[in-house]
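Peer 1: See final12.cif below, with mmCIF, C-alpha atoms and all ligand atoms.
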```
data_run
#
loop_
_atom_site.label_atom_id
_atom_site.label_comp_id
_atom_site.auth_asym_id
_atom_site.auth_seq_id
_atom_site.Cartn_x
_atom_site.Cartn_y
_atom_site.Cartn_z
CA MET A 80 130.03 115.41 66.63
CA ILE A 81 128.25 115.25 69.96
CA THR A 82 125.53 112.61 70.27
CA VAL A 83 123.16 112.96 73.22
CA TYR A 84 121.50 109.77 74.45
CA GLN A 85 118.26 110.65 76.15
CA PHE A 86 114.58 109.80 76.60
CA ALA A 87 112.08 110.67 73.87
CA PRO A 88 110.26 113.99 74.38
CA ALA A 89 107.01 113.76 76.36
CA PHE A 90 104.42 116.00 78.04
CA GLY A 91 104.87 118.54 75.22
CA LEU A 92 108.33 119.41 76.54
CA PRO A 93 111.68 119.07 74.77
CA ASN A 94 112.19 116.41 77.43
CA ALA A 95 110.16 115.23 80.42
CA SER A 96 113.44 114.32 82.13
CA PRO A 97 114.66 117.64 83.56
CA PHE A 98 118.23 116.36 83.33
CA CYS A 99 117.91 115.56 79.61
CA MET A 100 116.24 118.94 79.03
CA LYS A 101 119.00 120.69 81.01
CA LEU A 102 121.66 119.23 78.73
CA GLU A 103 119.82 120.08 75.51
CA THR A 104 119.25 123.61 76.80
CA TYR A 105 122.95 123.96 77.66
CA LEU A 106 124.03 122.74 74.20
CA ARG A 107 121.69 125.23 72.56
CA MET A 108 122.85 128.07 74.80
CA ALA A 109 126.51 127.26 74.11
CA ALA A 110 125.71 126.96 70.36
CA LEU A 111 127.31 123.51 70.13
CA PRO A 112 126.12 121.25 67.29
CA PHE A 113 124.64 117.93 68.46
CA THR A 114 122.40 115.09 67.42
CA LEU A 115 119.80 113.46 69.65
CA ASP A 116 119.35 109.73 70.12
CA ASN A 117 115.92 109.52 71.74
CA ARG A 118 115.76 105.75 72.17
CA GLY A 119 116.04 106.08 75.96
CA ASP A 120 118.19 102.98 76.37
CA VAL A 121 119.08 103.17 80.06
CA MET A 122 120.75 99.73 79.89
CA LYS A 123 123.51 101.17 77.68
CA ALA A 124 124.04 104.24 79.91
CA PRO A 125 127.41 104.06 81.71
CA LYS A 126 125.79 104.97 85.05
CA GLY A 127 122.33 103.54 84.36
CA LYS A 128 120.84 107.02 83.97
CA LEU A 129 120.21 109.41 81.10
CA PRO A 130 121.44 111.58 79.56
CA TYR A 131 124.94 110.65 78.52
CA ILE A 132 126.96 111.78 75.49
CA ASP A 133 129.42 110.44 72.98
CA ASP A 134 131.66 113.29 71.90
CA ASP A 135 133.75 111.92 69.02
CA GLY A 136 134.46 108.71 70.94
CA THR A 137 134.58 110.16 74.46
CA VAL A 138 131.62 108.90 76.45
CA VAL A 139 130.56 110.99 79.46
CA ALA A 140 127.62 110.44 81.84
CA ASP A 141 125.92 112.83 84.28
CA THR A 142 125.00 116.36 83.23
CA ALA A 143 127.49 118.02 85.59
CA PHE A 144 130.40 115.95 84.25
CA ILE A 145 129.13 116.33 80.69
CA ILE A 146 129.03 120.13 80.95
CA GLU A 147 132.48 120.14 82.58
CA HIS A 148 133.77 118.03 79.66
CA LEU A 149 132.10 120.28 77.07
CA LYS A 150 133.62 123.38 78.65
CA ALA A 151 137.09 121.81 78.66
CA ARG A 152 136.90 120.55 75.07
CA HIS A 153 134.78 123.18 73.31
CA GLY A 154 135.21 126.32 75.42
CA ASP A 155 133.11 128.00 78.06
CA PRO A 156 131.10 130.80 76.47
CA LEU A 157 128.56 130.98 79.31
CA ASP A 158 130.40 130.75 82.62
CA ALA A 159 133.99 131.87 82.00
CA SER A 160 133.43 135.32 83.45
CA LEU A 161 131.56 134.28 86.61
CA THR A 162 132.88 135.66 89.89
CA PRO A 163 133.59 133.21 92.75
CA GLN A 164 130.40 134.40 94.45
CA GLU A 165 128.33 133.79 91.32
CA ARG A 166 129.89 130.34 90.99
CA ALA A 167 128.94 129.58 94.57
CA LEU A 168 125.34 130.71 93.96
CA SER A 169 125.22 128.68 90.79
CA THR A 170 126.35 125.52 92.62
CA ALA A 171 123.89 126.09 95.46
CA PHE A 172 120.92 126.59 93.12
CA GLU A 173 121.88 123.58 91.01
CA ARG A 174 121.76 121.47 94.17
CA LEU A 175 118.35 122.93 95.03
CA PHE A 176 116.94 121.96 91.63
CA GLU A 177 118.65 118.61 91.18
CA GLU A 178 118.87 117.18 94.68
CA ASP A 179 115.71 118.59 96.28
CA LEU A 180 113.07 119.99 93.93
CA TYR A 181 113.63 117.04 91.58
CA TRP A 182 112.34 114.59 94.21
CA ALA A 183 109.26 116.70 94.91
CA VAL A 184 108.48 116.56 91.17
CA VAL A 185 109.08 112.78 91.19
CA GLN A 186 106.51 112.57 94.02
CA THR A 187 103.88 114.34 91.88
CA ARG A 188 104.58 112.26 88.76
CA TRP A 189 105.44 108.78 89.99
CA ILE A 190 103.96 108.38 93.45
CA GLU A 191 100.65 110.28 93.50
CA GLN A 192 97.97 108.36 91.61
CA SER A 193 96.69 111.19 89.37
CA GLY A 194 100.24 112.04 88.24
CA TRP A 195 101.16 108.38 87.84
CA LEU A 196 98.30 107.78 85.38
CA LEU A 197 99.66 110.59 83.18
CA THR A 198 103.27 109.49 83.58
CA LYS A 199 102.44 105.88 82.77
CA ALA A 200 100.61 106.89 79.60
CA ALA A 201 103.30 109.37 78.48
CA PHE A 202 106.38 107.24 79.24
CA PHE A 203 105.14 103.69 78.67
CA GLY A 204 102.06 104.14 76.47
CA THR A 205 103.82 103.17 73.24
CA MET A 206 105.34 99.95 74.66
CA PRO A 207 103.67 96.72 73.57
CA ALA A 208 101.06 95.62 76.10
CA PRO A 209 102.63 92.71 78.00
CA LEU A 210 105.94 94.57 78.36
CA ARG A 211 104.22 97.77 79.48
CA TRP A 212 102.38 95.95 82.26
CA ILE A 213 105.68 94.68 83.67
CA ILE A 214 108.04 97.61 83.06
CA ALA A 215 105.81 100.48 84.24
CA PRO A 216 105.17 99.16 87.80
CA LEU A 217 108.81 98.05 88.05
CA ALA A 218 110.04 101.54 87.15
CA ARG A 219 107.59 103.04 89.65
CA ARG A 220 108.79 100.69 92.38
CA GLY A 221 112.41 101.61 91.54
CA LEU A 222 111.72 105.32 91.93
CA ARG A 223 109.79 104.79 95.16
CA SER A 224 112.78 102.94 96.57
CA GLU A 225 115.25 105.61 95.33
CA MET A 226 113.11 108.28 96.98
CA ARG A 227 113.19 106.38 100.24
CA GLY A 228 116.96 105.92 99.98
CA HIS A 229 117.36 109.64 99.36
CA GLY A 230 115.23 110.40 102.42
CA MET A 231 112.53 112.43 100.66
CA GLY A 232 110.38 109.31 100.36
CA ARG A 233 110.12 109.06 104.13
CA HIS A 234 108.04 112.26 104.34
CA SER A 235 104.28 112.55 103.86
CA ALA A 236 102.97 113.91 100.55
CA ALA A 237 102.06 117.20 102.27
CA GLU A 238 105.57 117.52 103.70
CA ILE A 239 107.18 116.82 100.32
CA HIS A 240 104.99 119.48 98.68
CA ALA A 241 105.93 121.94 101.44
CA ILE A 242 109.65 121.26 100.83
CA GLY A 243 109.22 121.73 97.07
CA CYS A 244 107.15 124.92 97.54
CA ARG A 245 109.94 126.40 99.66
CA ASP A 246 112.43 125.69 96.87
CA VAL A 247 110.14 127.32 94.31
CA THR A 248 109.67 130.43 96.49
CA ALA A 249 113.44 130.69 96.94
CA VAL A 250 113.97 130.57 93.16
CA SER A 251 111.24 133.12 92.48
CA ASP A 252 112.56 135.49 95.17
CA PHE A 253 116.13 135.16 93.90
CA LEU A 254 115.19 135.60 90.24
CA ALA A 255 113.00 138.61 91.12
CA ASP A 256 112.75 140.79 87.99
CA LYS A 257 116.11 139.82 86.49
CA PRO A 258 115.98 138.38 82.95
CA TYR A 259 118.25 135.46 83.94
CA MET A 260 119.15 133.81 87.23
CA LEU A 261 122.42 135.68 87.67
CA GLY A 262 121.49 138.95 86.00
CA ASP A 263 121.31 140.30 82.48
CA ARG A 264 123.21 137.49 80.74
CA PRO A 265 122.38 133.76 80.56
CA HIS A 266 124.72 131.25 82.22
CA SER A 267 124.74 127.47 82.52
CA LEU A 268 122.65 127.76 85.70
CA ASP A 269 119.82 128.95 83.44
CA ALA A 270 119.91 125.63 81.56
CA THR A 271 119.18 123.88 84.86
CA ALA A 272 116.64 126.43 86.09
CA HIS A 273 114.74 126.44 82.79
CA ALA A 274 114.65 122.64 82.53
CA PHE A 275 113.39 122.08 86.07
CA LEU A 276 110.93 124.99 86.12
CA ALA A 277 109.45 124.18 82.69
CA ASN A 278 109.09 120.56 83.78
CA LEU A 279 107.17 121.74 86.83
CA LEU A 280 105.07 124.44 85.15
CA TRP A 281 104.40 122.92 81.74
CA ALA A 282 103.99 119.18 82.31
CA PRO A 283 100.24 118.53 82.63
CA VAL A 284 100.58 117.10 86.16
CA ASP A 285 98.45 119.10 88.57
CA SER A 286 99.69 119.24 92.18
CA PRO A 287 99.92 121.69 95.09
CA LEU A 288 103.56 122.16 94.07
CA ARG A 289 102.70 123.11 90.49
CA ARG A 290 99.88 125.41 91.64
CA HIS A 291 102.34 127.10 94.00
CA ALA A 292 104.81 127.67 91.12
CA GLN A 293 102.00 129.06 88.95
CA ARG A 294 101.44 131.79 91.55
CA TYR A 295 104.80 133.40 90.61
CA PRO A 296 104.46 135.20 87.25
CA ASN A 297 108.23 135.76 87.08
CA LEU A 298 108.82 131.99 86.81
CA GLU A 299 106.43 131.59 83.85
CA ALA A 300 107.89 134.71 82.17
CA TYR A 301 111.43 133.38 82.71
CA CYS A 302 110.60 130.01 81.10
CA GLN A 303 108.88 131.73 78.18
CA ARG A 304 111.96 133.95 77.73
CA MET A 305 114.32 130.96 77.77
CA LYS A 306 112.09 129.07 75.31
CA ALA A 307 111.84 132.02 72.91
CA THR A 308 115.60 132.64 73.07
CA PHE A 309 116.96 129.10 72.87
CA PHE A 310 114.22 126.88 71.42
CA ALA A 311 112.88 129.22 68.71
N1 LIG B 1 122.86 113.27 88.18
C1 LIG B 1 122.34 112.79 86.94
C2 LIG B 1 120.85 112.47 87.10
C3 LIG B 1 120.23 111.86 85.83
C4 LIG B 1 118.89 111.20 86.15
O1 LIG B 1 118.46 111.12 87.30
N2 LIG B 1 118.25 110.71 85.10
C5 LIG B 1 117.00 110.00 85.28
C6 LIG B 1 115.90 110.64 84.44
S1 LIG B 1 115.42 112.22 85.05
C7 LIG B 1 117.14 108.57 84.76
O2 LIG B 1 117.85 108.31 83.81
N3 LIG B 1 116.45 107.64 85.38
C8 LIG B 1 116.40 106.28 84.90
C9 LIG B 1 116.60 105.29 85.98
O3 LIG B 1 116.95 105.68 87.12
O4 LIG B 1 116.44 104.09 85.68
C10 LIG B 1 122.59 113.84 85.86
O5 LIG B 1 122.84 115.01 86.20
O6 LIG B 1 122.63 113.48 84.66
#
```
Could you take the file, read its structure, and then write that structure out as structure tokens?
Peer 2:
Amino acid sequence: MITVYQFAPAFGLPNASPFCMKLETYLRMAALPFTLDNRGDVMKAPKGKLPYIDDDGTVVADTAFIIEHLKARHGDPLDASLTPQERALSTAFERLFEEDLYWAVVQTRWIEQSGWLLTKAAFFGTMPAPLRWIIAPLARRGLRSEMRGHGMGRHSAAEIHAIGCRDVTAVSDFLADKPYMLGDRPHSLDATAHAFLANLLWAPVDSPLRRHAQRYPNLEAYCQRMKATFFA
């Protein structure tokens, strides 16, 4: 049995961590049975981040390594037939979502005050009061420092939004009127795209980035299609 260790759902999404939502989406798409451990215990995570899995005693961290492991052990129903060019596109778009757009979303949730008030309430609201007062600002400081280390945190808010908007436009233009990112059939890239786009469109955090994404009806329709197909 596969156990997924992740954060508890928040913001009305299967998970407010796009990485945790990506993995759950992948497992559903690949029709693999799993159980969720939503305790969000980052201290126990092998790499200090969630999600990670325990697959009958094999512990794997990081969604890319987890999906690689799942494909090797349980088969690859989604990506086996991809051409080298499709694989290249898939890798490039995953980097766009995970290494670029992710940090623009972090900016809207953790750095900007209006987003931070919502994030604090959603992620730390159930913690007992003295703990909440310590952990929430510490977590925020940690993310601010990670963003700076990454480089994104050195830009102004307007520049970060502009970077994120460019990513969103690229995704919308590439998706165009196709049902899935790479055409008529869903692939693992769609687990990533759905998780990151739904986290941008459907979390109640207003920002220039989210308003930009809302201007592309194909992105909303895509997320609705993924939800109806894999989270019914
Ligand atoms: N590359 C990792 C990224 C995972 C990640 O960044 N997880 C974040 C939540 S979205 C996390 O656990 N953050 C907790 C922390 O940094 O303390 C993956 O693909 O799994």
Peer 1: Can you work out which residues are within 9 Å of ligand LIG 1 (chain B), considering all atoms listed in the file, and then hand them over as a ChimeraX atom specification?
Peer 2: /A:85-86,95-99,101-102,119,121-122,124,126-131,140-145,177-178,181,185,218,221-222,225
Peer 1: Once you count all atoms listed in the file, what closest atom pair and distance in Å to one decimal does each residue of stretch 113-227 of chain A within 7 Å of stretch 273-285 of chain A have, with rows by chain and rising residue number, as a Markdown table?
Peer 2:
```
| residue | atom | partner | partner_atom | distance |
| --- | --- | --- | --- | --- |
| A:Phe176 | CA | A:Phe275 | CA | 6.6 |
| A:Val184 | CA | A:Leu279 | CA | 6.9 |
| A:Arg188 | CA | A:Val284 | CA | 6.8 |
| A:Gly194 | CA | A:Val284 | CA | 5.5 |
```
Peer 1: Counting all atoms listed in the file, figure out which residue out of A:Thr162, A:Ala151, A:Met80, A:Pro93 gets nearest to A:Asp133.
Peer 2: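 The closest residue to A:Asp133 is A:Met80.
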Peer 1: Counting all atoms listed in the file, which residue out of A:Ile146, A:Leu197, A:Cys244, A:Leu261 sits closest to A:Gln164?
Peer 2: A:Leu261
Peer 1: For A:Thr137, list every protein, DNA or RNA residue within 12 Å, evaluated using only C-alpha atoms, and leave out those in the same chain fewer than 6 positions away; present the list as an MDAnalysis selection string.
Peer 2: chainID A and resid 80:83 125 131 145 148:149 152
Peer 1: What's the separation between atom CA of A:Leu180 and atom CA of A:Ala311, in Å to one decimal place?
Peer 2: 26.9 Å
Peer 1: With all atoms listed in the file as the atoms that count, which of A:Val247, A:Ala208, A:Ala159, A:Ala183 lies nearest to A:Tyr295?
Peer 2: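 Closest candidate: A:Val247.
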Peer 1: Between A:Tyr84, A:Trp182, A:Tyr301, A:Phe203, which residue has the minimum interatomic distance to A:Leu254, considering all atoms listed in the file?
Peer 2: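 Checking each of A:Tyr84, A:Trp182, A:Tyr301, A:Phe203 against A:Leu254, counting all atoms listed in the file, the winner is A:Tyr301.
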Peer 1: In Å to one decimal, how far is atom CA of A:Leu115 from atom CA of A:Cys302?
Peer 2: 22.1 Å
Peer 1: When you count all atoms listed in the file, which of these residues is closest to A:Ala89: A:Pro296, A:Gly232, A:Pro258, A:Gly204?
Peer 2: A:Gly204
Peer 1: Give me, as an mmCIF file with C-alpha atoms, in the coordinates of the input, all polymer residues having an atom no more than 9 Å from A:Tyr259, counting all atoms listed in the file and skipping those fewer than 3 positions away in the same chain.
Peer 2:
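File produced: out31.cif:
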```
data_model
loop_
_atom_site.group_PDB
_atom_site.id
_atom_site.type_symbol
_atom_site.label_atom_id
_atom_site.label_comp_id
_atom_site.auth_asym_id
_atom_site.auth_seq_id
_atom_site.Cartn_x
_atom_site.Cartn_y
_atom_site.Cartn_z
ATOM 1 C CA LEU A 254 115.190 135.600 90.240
ATOM 2 C CA ASP A 256 112.750 140.790 87.990
ATOM 3 C CA GLY A 262 121.490 138.950 86.000
ATOM 4 C CA ASP A 263 121.310 140.300 82.480
ATOM 5 C CA ARG A 264 123.210 137.490 80.740
ATOM 6 C CA PRO A 265 122.380 133.760 80.560
ATOM 7 C CA HIS A 266 124.720 131.250 82.220
ATOM 8 C CA ASP A 269 119.820 128.950 83.440
ATOM 9 C CA TYR A 301 111.430 133.380 82.710
ATOM 10 C CA ARG A 304 111.960 133.950 77.730
ATOM 11 C CA MET A 305 114.320 130.960 77.770
#
```
Peer 1: Quote the spacing between atom CA of A:Ser160 and atom CA of A:Phe253 in Å to one decimal place.
Peer 2: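 Calculated distance between atom CA of A:Ser160 and atom CA of A:Phe253 is 20.2 Å.
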